[in-house]
Number of protein chains: 2
Amino acid sequence: MRVLAIDPGYDRLGIAVLEGDVSQPTLVWSACITPAKGTRANRLAEVKGAIEDAIQKYKPDLVALETLFFGVNKKTALGVAGARGVALAAAGTAGLQVLERSPQQVKIAVTGEGRADKAAVARMIPRLIALPPRPAGQKRLDDELDAIALGIAALAQKNIFAQIESPRHITPRG
Amino acid sequence: MRVLAIDPGYDRLGIAVLEGDVSQPTLVWSACITPAKGTRANRLAEVKGAIEDAIQKYKPDLVALETLFFGVNKKTALGVAGARGVALAAAGTAGLQVLERSPQQVKIAVTGEGRADKAAVARMIPRLIALPPRPAGQKRLDDELDAIALGIAALAQKNIFAQIESPRHITPRG
C-alpha cells in the first residue's frame, strides 16, 4: 500500500509518499512546495503540477487528504478549499480513491491523543518512521511534517483495503 | 478579445465562450456541465476536464470567474471554492489571466441594477447577445445563463486590456 498524503495550501503545500502498513511505514519521499509569489491562478497551477508529478512519479494506490474545518479565518479556509479542490481533481483524474482524515484522527494515530499539540506530533514522527537526513541547515517545515503525519494516519487506518472497497466509509460528505 | 466565463460548482458548472466587445458581444459556445454522481474527486475531475477542453478548443484570451461570497451555507461555499480552485489552476496552467467580477458587478453590467433578481438578468441576456436556438424542449439552465452574464460583464469591463496589463486591478486579493 502506497499513499500520497497532501496537506493542501496555496502558500505552502506539504506532500509525502509513504508505503507499508502502520507497523512498518516507510517514507519514500516528502517535500514542502512553496509556489512562487504571483496570482492565485499561478500558485494553484504550481500546486496542480506538483501533485500531478508526484502521482505520475510515485504511482500511489491512494491519496490522503486532511478534512477541512472552518477556522477563524474564512479567507484562509476558502484558499485551502481551492487547493483541496485541485488535489481532489488530480486524484479523480488519475482514478485514485481519496481517504480523508480529520486533524484529530491524525493526532490520535500519531500520538494517541486527539488534542495533542504540533510539538507533540513533531516529536512522535521520527519514532514511528525513519526520516532520511536533510542537508545541513535545512529544516523540515511544519507542512511537510503534517503531510507525513497524515500518511502515517492513513496507513494506520484499520481495514484500509476494506474501506476502499466500500466507498461510503471514505468518500467525503456532501 | 475572447473570454471563457465560468460559473463554478461541482454539481453544475456553467461555462460560456464570448467574444467581441460590450457593444458587439457574440456567444461562441455555452453549456451547463453536470458531472455524473460520484465522489467529489470524480466530480472535480470532470470539472477540470471540461475547463481544460474548453481552453484547448476555444483558445480564450482571458478567463472570467465570479468572486465567491460567503452565503449562509458554509458547506456549499467550500464546495464552490474547490471548483473555483480547479478553474484557477487550469487558467494558471494555460498562462491565462483571470478577471474576477462580483455578482453585483455582473448584475450592473447586464441590467444596470446591482440588486436585480435572477429573472431580470435572464430577461436582459437575449437583448444583449444573440443566443443560438436550442433543440426543442431543451432549456438553458441558470448556471449556463450565469456564465453568459459573467462573460458579458467581462467584455463590458472598461479598458479591459489596460487592466490585464496592470495585474493589481484584476488579481484576487490574498
# chains A, B, ... in the order shown; residues from 1 in each chain; ligands from 1

call {"tool": "select_by_dssp", "arguments": {"residues": "chain B", "states": "alpha helix (DSSP H)", "output": "ChimeraX atom specification"}}
result
/B:40-58,74-93,103-111,118-128,142-156,160-165

call {"tool": "interface_residues", "arguments": {"of": "chain A", "to": "chain B", "cutoff": "7 Å", "atoms": "only C-alpha atoms", "output": "ChimeraX atom specification"}}
result
/A:39,41-42,44-45,48,78,81-86,88-93,171

call {"tool": "select_by_dssp", "arguments": {"residues": "stretch 43-78 of chain A", "states": "strand (DSSP E or B)", "output": "JSON, numbers by chain"}}
result
{"A": [62, 63, 64, 65, 66]}

call {"tool": "write_last_selection", "arguments": {"atoms": "C-alpha atoms", "output": "mmCIF file, in the first residue's frame"}}
result
data_model
loop_
_atom_site.group_PDB
_atom_site.id
_atom_site.type_symbol
_atom_site.label_atom_id
_atom_site.label_comp_id
_atom_site.auth_asym_id
_atom_site.auth_seq_id
_atom_site.Cartn_x
_atom_site.Cartn_y
_atom_site.Cartn_z
ATOM 1 C CA LEU A 62 -4.434 6.084 -2.571
ATOM 2 C CA VAL A 63 -4.475 9.821 -1.887
ATOM 3 C CA ALA A 64 -4.872 11.003 1.724
ATOM 4 C CA LEU A 65 -6.183 14.498 2.463
ATOM 5 C CA GLU A 66 -6.888 16.213 5.754
#

call {"tool": "closest_residue", "arguments": {"among": "B:Val28, B:Asp146, B:Leu155, B:Gln56", "to": "B:Gly9", "atoms": "only C-alpha atoms"}}
result
B:Asp146

call {"tool": "atom_distance", "arguments": {"atom1": "atom CA of B:Gly114", "atom2": "atom CA of B:Pro25"}}
result
20.9 Å

call {"tool": "closest_residue", "arguments": {"among": "A:Arg115, A:Ile55, A:Leu4, A:Lys37", "to": "A:Ile148", "atoms": "only C-alpha atoms"}}
result
A:Leu4

call {"tool": "residues_around", "arguments": {"residues": "B:Ala156", "least_positions_apart": "6", "cutoff": "10 Å", "atoms": "only C-alpha atoms", "output": "JSON, numbers by chain"}}
result
{"B": [20, 21, 22, 23, 25, 106, 109, 110, 150]}

call {"tool": "atom_distance", "arguments": {"atom1": "atom CA of A:Ala16", "atom2": "atom CA of A:Ile129"}}
result
12.3 Å

call {"tool": "atom_distance", "arguments": {"atom1": "atom CA of A:Val121", "atom2": "atom CA of A:Asp142"}}
result
10.2 Å
